[in-house]
Amino acid sequence: MVVEHDTSARFSDYAHPERLVSTDWLAAHLGSPGLVVVESDEDVLLYETGHIPGAVKIDWHLDLNDPVRRDYIDGEGFARLMSSKGIGRDTTIVVYGDKNNWWAAYALWVFSLFGHDDVRLLDGGRAAWEAEGREYTTDSPEPETSDYPVVERDDTVIRAYKDDVLEHLGKPLIDVRSPEEYSGERTTAPAYPDEGALRAGHIPSAANVPWGKAAAEDGRFRPVAELDAIYRDGAGLETGDEVVAYCRIGERSSHTWFVLHHLMGFENVRNYDGSWTEWGSAVRVPIVQGSEPGEVPAR
Amino acid sequence: MTGTTLPAALVEIREEFTALEVRDRLQLLLEFSNELPDLPARFADHPDLLERVVECQSPVYLFVEVVDGRVHLHATAPREAPTTRGFASILAQGLDGLTVDEVLDAVPDDYPQTIGLTEAVSPLRIRGMTALLARAKRQIRDRIATA
């Protein structure tokens, strides 16, 4: 029961064009059987101010994270969540959100850990929908609960743990944080709360490509030629590379994971969700400061 | 706590939130968000006076005025950041008209963690409101130091 793909020419150069839908496509398909639209935002209240008609809300803090351990929900939790949103295992999910789909990409990445097959992003997210003056509602849908199977998370393919990253050193890493976070410049001042990591800087050899570069001014993804200029020419990635992306807690880097994997076609891309809040507080891991990537230390 | 009593407006805000089911607290936060007044024109024309709260995920700027010993907090955040607007609005309403000493002594730094919002919006997001309060207090100290 797969909802037809968006075959817009604009997506055809991407490695996996079936992972994107346009605002036109979504407007035309709202209410289709087998389609559930999910809003996932940085701002937990944005959905309440108005959302795409019929869309359900999934919040990364409250719904996707385990409330106690620093981890994602487990298979049972995911099944409960999907079921409460009326999503079945063969449902087509379209995710959209604020900030160039930053959190929407994060939700998509978590759904992918559970192997949900058909999950797509609305290109341009909330900003594009809004800029076109399309309909919003404050009515919350009350979906009929579905029967979602308990599927255990598979962390081996698209997720990296700290030890995986240590093992990975020597292969390409993309640090998607801001240049100031990357260089380890002091970002806090006296009487200001700190940033949640004990040390500043970046993982040795990581290239700095702030995540937002992958989006054009209107919030939509850049075409492949421009992505190539950023990630291949700029950050030195080559076809066949195994890549790990990281940021502060793994949200911005899931956006980059989406770009590298689904749009550019890199087969082996992992998101290190422990990211700087783990690495920058871990004991005896190598760190480089300054704007140069630095060398991988000898083992 | 310093042993002084929490100002009544802040008590009332806390009671309003904690009386609600967790999911209804978001609706109340949205109401606060909608109530955040526009900046007085004298600040709108002087963005240099406003201080950016970098700990918040969204751009929020605040300025604390002390007039005749009474505190007034002004803040602005974009419409796309309703949570941050809500946090600012709670503090703007809760602190308005208090004396400098009341804000500095009777408003605990962890007030944001005590109003039942950590479950509704997550502890991480509440840090933004804690930072707003901390900066407001620091601005008050600066104002009275230079007054």
# chains A, B, ... in the order shown; residues from 1 in each chain; ligands from 1

$ select_by_dssp --residues "region 225-259 of chain A" --states "alpha helix (DSSP H)" --output "ChimeraX atom specification"
/A:225-228,252-258

$ interface_residues --of "chain A" --to "chain B" --cutoff "7 Å" --atoms "only C-alpha atoms" --output "PyMOL selection string"
chain A and resi 43-46+61-62+193

$ closest_residue --among "B:Leu50, B:Ile126, B:Ala92, B:Leu117" --to "Gln139 (chain B)" --atoms "only C-alpha atoms"
B:Leu50

$ closest_residue --among "B:Leu91, B:Asp96, B:His74, B:Tyr111" --to "Ala41 (chain B)" --atoms "only C-alpha atoms"
B:His74

$ residues_around --residues "Asn208 (chain A)" --least-positions-apart "5" --cutoff "9 Å" --atoms "only C-alpha atoms" --output "ChimeraX atom specification"
/A:173-179,182,202,235,291-293

$ atom_distance --atom1 "CA of Leu36 (chain B)" --atom2 "CA of Thr18 (chain B)"
20.8 Å

$ residues_around --residues "Ser112 (chain A)" --least-positions-apart "5" --cutoff "12 Å" --atoms "only C-alpha atoms" --output "list in words"
Arg19, Phe78, Arg89, Ile93, Ala105, Tyr106, Ala107, Asp117, Asp118, Val119, Arg120, Val151, Glu152, Arg153, Asp154, Asp155, Thr156, Val157, Ile158, Arg159, Ser254, Trp257, Phe258, His262, Arg270 and Asn271 of chain A

$ residues_around --residues "Leu260 (chain A)" --least-positions-apart "4" --cutoff "10 Å" --atoms "only C-alpha atoms" --output "ChimeraX atom specification"
/A:15,214,227-228,231,237,243,245,254-256,264-270

$ residues_around --residues "Thr99 (chain B)" --least-positions-apart "5" --cutoff "8 Å" --atoms "only C-alpha atoms" --output "PDB file with all heavy atoms, in the first residue's frame"
ATOM      1  N   GLY B  69      13.211  51.737  41.349  1.00  0.00           N
ATOM      2  CA  GLY B  69      13.426  50.547  42.162  1.00  0.00           C
ATOM      3  C   GLY B  69      12.579  49.347  41.778  1.00  0.00           C
ATOM      4  O   GLY B  69      12.668  48.295  42.403  1.00  0.00           O
ATOM      5  N   ARG B  70      11.750  49.508  40.744  1.00  0.00           N
ATOM      6  CA  ARG B  70      10.886  48.395  40.303  1.00  0.00           C
ATOM      7  C   ARG B  70      11.409  47.826  38.986  1.00  0.00           C
ATOM      8  O   ARG B  70      11.856  48.557  38.105  1.00  0.00           O
ATOM      9  CB  ARG B  70       9.447  48.890  40.099  1.00  0.00           C
ATOM     10  CG  ARG B  70       8.814  49.484  41.358  1.00  0.00           C
ATOM     11  CD  ARG B  70       8.251  48.407  42.255  1.00  0.00           C
ATOM     12  NE  ARG B  70       7.861  48.916  43.559  1.00  0.00           N
ATOM     13  CZ  ARG B  70       7.293  48.157  44.500  1.00  0.00           C
ATOM     14  NH1 ARG B  70       7.070  46.876  44.283  1.00  0.00           N
ATOM     15  NH2 ARG B  70       6.969  48.668  45.663  1.00  0.00           N
ATOM     16  N   VAL B  71      11.276  46.519  38.884  1.00  0.00           N
ATOM     17  CA  VAL B  71      11.850  45.804  37.741  1.00  0.00           C
ATOM     18  C   VAL B  71      10.796  45.622  36.639  1.00  0.00           C
ATOM     19  O   VAL B  71       9.647  45.285  36.909  1.00  0.00           O
ATOM     20  CB  VAL B  71      12.354  44.425  38.212  1.00  0.00           C
ATOM     21  CG1 VAL B  71      12.705  43.536  37.016  1.00  0.00           C
ATOM     22  CG2 VAL B  71      13.548  44.590  39.140  1.00  0.00           C
TER      23      VAL B  71
END

$ closest_residue --among "B:Leu49, B:Val66, B:Val60, B:Leu20" --to "Thr146 (chain B)" --atoms "only C-alpha atoms"
B:Val66

$ decode --residues "region 127-256 of chain A" --atoms "C-alpha atoms" --output "CSV table (one decimal), in the first residue's frame"
chain,number,residue,atom,x,y,z
A,127,ALA,CA,9.0,27.3,6.0
A,128,ALA,CA,8.2,26.3,2.5
A,129,TRP,CA,4.6,25.3,3.3
A,130,GLU,CA,4.1,28.7,5.1
A,131,ALA,CA,5.9,30.8,2.4
A,132,GLU,CA,3.4,29.4,-0.1
A,133,GLY,CA,0.5,30.5,2.1
A,134,ARG,CA,-0.8,26.9,2.4
A,135,GLU,CA,-3.4,25.8,4.9
A,136,TYR,CA,-2.7,25.3,8.6
A,137,THR,CA,-5.1,24.1,11.3
A,138,THR,CA,-5.0,24.0,15.1
A,139,ASP,CA,-7.3,21.0,15.1
A,140,SER,CA,-5.5,18.0,16.5
A,141,PRO,CA,-6.3,14.7,14.8
A,142,GLU,CA,-7.4,11.8,16.9
A,143,PRO,CA,-6.0,8.9,14.9
A,144,GLU,CA,-7.4,5.4,15.3
A,145,THR,CA,-4.7,3.3,16.9
A,146,SER,CA,-2.9,1.0,14.5
A,147,ASP,CA,-1.3,-2.3,15.0
A,148,TYR,CA,2.5,-1.7,14.8
A,149,PRO,CA,4.8,-4.6,15.4
A,150,VAL,CA,7.5,-4.6,18.0
A,151,VAL,CA,10.7,-4.3,15.9
A,152,GLU,CA,14.0,-3.9,17.8
A,153,ARG,CA,16.2,-1.0,16.8
A,154,ASP,CA,19.2,-1.8,14.6
A,155,ASP,CA,22.1,0.5,15.7
A,156,THR,CA,24.7,-1.2,13.6
A,157,VAL,CA,24.2,0.4,10.2
A,158,ILE,CA,23.5,4.1,10.5
A,159,ARG,CA,24.3,4.8,14.2
A,160,ALA,CA,27.9,5.1,15.6
A,161,TYR,CA,28.9,4.9,19.2
A,162,LYS,CA,32.0,6.5,20.7
A,163,ASP,CA,34.0,3.3,20.3
A,164,ASP,CA,33.0,3.0,16.7
A,165,VAL,CA,34.2,6.6,16.1
A,166,LEU,CA,37.6,5.8,17.7
A,167,GLU,CA,37.8,2.8,15.5
A,168,HIS,CA,36.8,4.9,12.5
A,169,LEU,CA,39.6,7.5,13.0
A,170,GLY,CA,41.5,7.9,9.8
A,171,LYS,CA,38.4,7.8,7.7
A,172,PRO,CA,36.3,10.8,6.9
A,173,LEU,CA,34.4,12.6,9.7
A,174,ILE,CA,32.1,15.6,9.2
A,175,ASP,CA,31.6,18.0,12.1
A,176,VAL,CA,28.4,19.8,11.3
A,177,ARG,CA,28.6,22.4,14.1
A,178,SER,CA,29.3,26.1,13.7
A,179,PRO,CA,32.9,27.2,13.1
A,180,GLU,CA,33.1,28.5,16.6
A,181,GLU,CA,32.1,25.2,18.2
A,182,TYR,CA,34.5,23.4,15.9
A,183,SER,CA,37.5,25.5,16.7
A,184,GLY,CA,36.8,25.3,20.4
A,185,GLU,CA,36.7,29.1,20.7
A,186,ARG,CA,35.3,30.1,24.1
A,187,THR,CA,31.6,30.4,23.6
A,188,THR,CA,30.6,31.0,27.2
A,189,ALA,CA,31.4,33.9,29.5
A,190,PRO,CA,31.3,34.3,33.3
A,191,ALA,CA,27.9,34.0,34.8
A,192,TYR,CA,26.6,32.3,31.7
A,193,PRO,CA,25.6,28.6,31.8
A,194,ASP,CA,28.0,26.3,30.0
A,195,GLU,CA,27.4,24.3,26.9
A,196,GLY,CA,27.2,20.8,28.3
A,197,ALA,CA,30.7,19.5,27.4
A,198,LEU,CA,33.8,19.8,29.5
A,199,ARG,CA,36.3,20.3,26.7
A,200,ALA,CA,36.0,22.3,23.4
A,201,GLY,CA,37.3,21.6,20.0
A,202,HIS,CA,36.7,18.8,17.5
A,203,ILE,CA,37.5,15.2,16.7
A,204,PRO,CA,40.9,15.0,15.0
A,205,SER,CA,40.7,15.1,11.2
A,206,ALA,CA,37.0,16.0,11.0
A,207,ALA,CA,36.1,18.5,8.3
A,208,ASN,CA,33.8,21.3,9.4
A,209,VAL,CA,30.7,21.6,7.2
A,210,PRO,CA,27.9,23.4,9.2
A,211,TRP,CA,24.7,21.4,8.6
A,212,GLY,CA,22.7,24.3,7.2
A,213,LYS,CA,25.0,24.6,4.1
A,214,ALA,CA,23.0,21.7,2.6
A,215,ALA,CA,19.9,23.9,2.5
A,216,ALA,CA,19.3,26.8,0.1
A,217,GLU,CA,17.9,30.1,1.2
A,218,ASP,CA,14.3,28.9,0.9
A,219,GLY,CA,15.0,25.9,3.2
A,220,ARG,CA,14.9,23.3,0.4
A,221,PHE,CA,17.8,21.0,-0.2
A,222,ARG,CA,20.5,22.2,-2.7
A,223,PRO,CA,20.8,20.4,-6.0
A,224,VAL,CA,23.3,17.6,-6.3
A,225,ALA,CA,25.9,19.8,-8.1
A,226,GLU,CA,25.9,22.2,-5.2
A,227,LEU,CA,26.1,19.5,-2.6
A,228,ASP,CA,29.0,18.0,-4.5
A,229,ALA,CA,30.8,21.3,-4.4
A,230,ILE,CA,30.3,21.5,-0.6
A,231,TYR,CA,31.0,17.9,0.5
A,232,ARG,CA,33.2,16.5,-2.3
A,233,ASP,CA,35.3,19.5,-3.4
A,234,GLY,CA,35.0,21.3,-0.1
A,235,ALA,CA,35.3,18.6,2.5
A,236,GLY,CA,37.1,16.0,0.4
A,237,LEU,CA,34.6,13.2,0.4
A,238,GLU,CA,35.0,10.6,-2.4
A,239,THR,CA,32.7,8.0,-3.7
A,240,GLY,CA,32.9,4.9,-1.6
A,241,ASP,CA,34.0,6.7,1.5
A,242,GLU,CA,32.7,5.5,4.9
A,243,VAL,CA,31.6,8.7,6.7
A,244,VAL,CA,30.6,9.5,10.3
A,245,ALA,CA,28.8,12.8,11.0
A,246,TYR,CA,28.4,14.4,14.4
A,247,CYS,CA,27.3,17.6,16.0
A,248,ARG,CA,26.4,18.4,19.7
A,249,ILE,CA,23.8,15.8,20.4
A,250,GLY,CA,23.3,14.2,17.0
A,251,GLU,CA,20.3,16.2,15.7
A,252,ARG,CA,22.0,18.5,13.2
A,253,SER,CA,24.1,15.6,12.0
A,254,SER,CA,21.1,13.5,11.2
A,255,HIS,CA,20.2,16.2,8.7
A,256,THR,CA,23.7,15.8,7.1
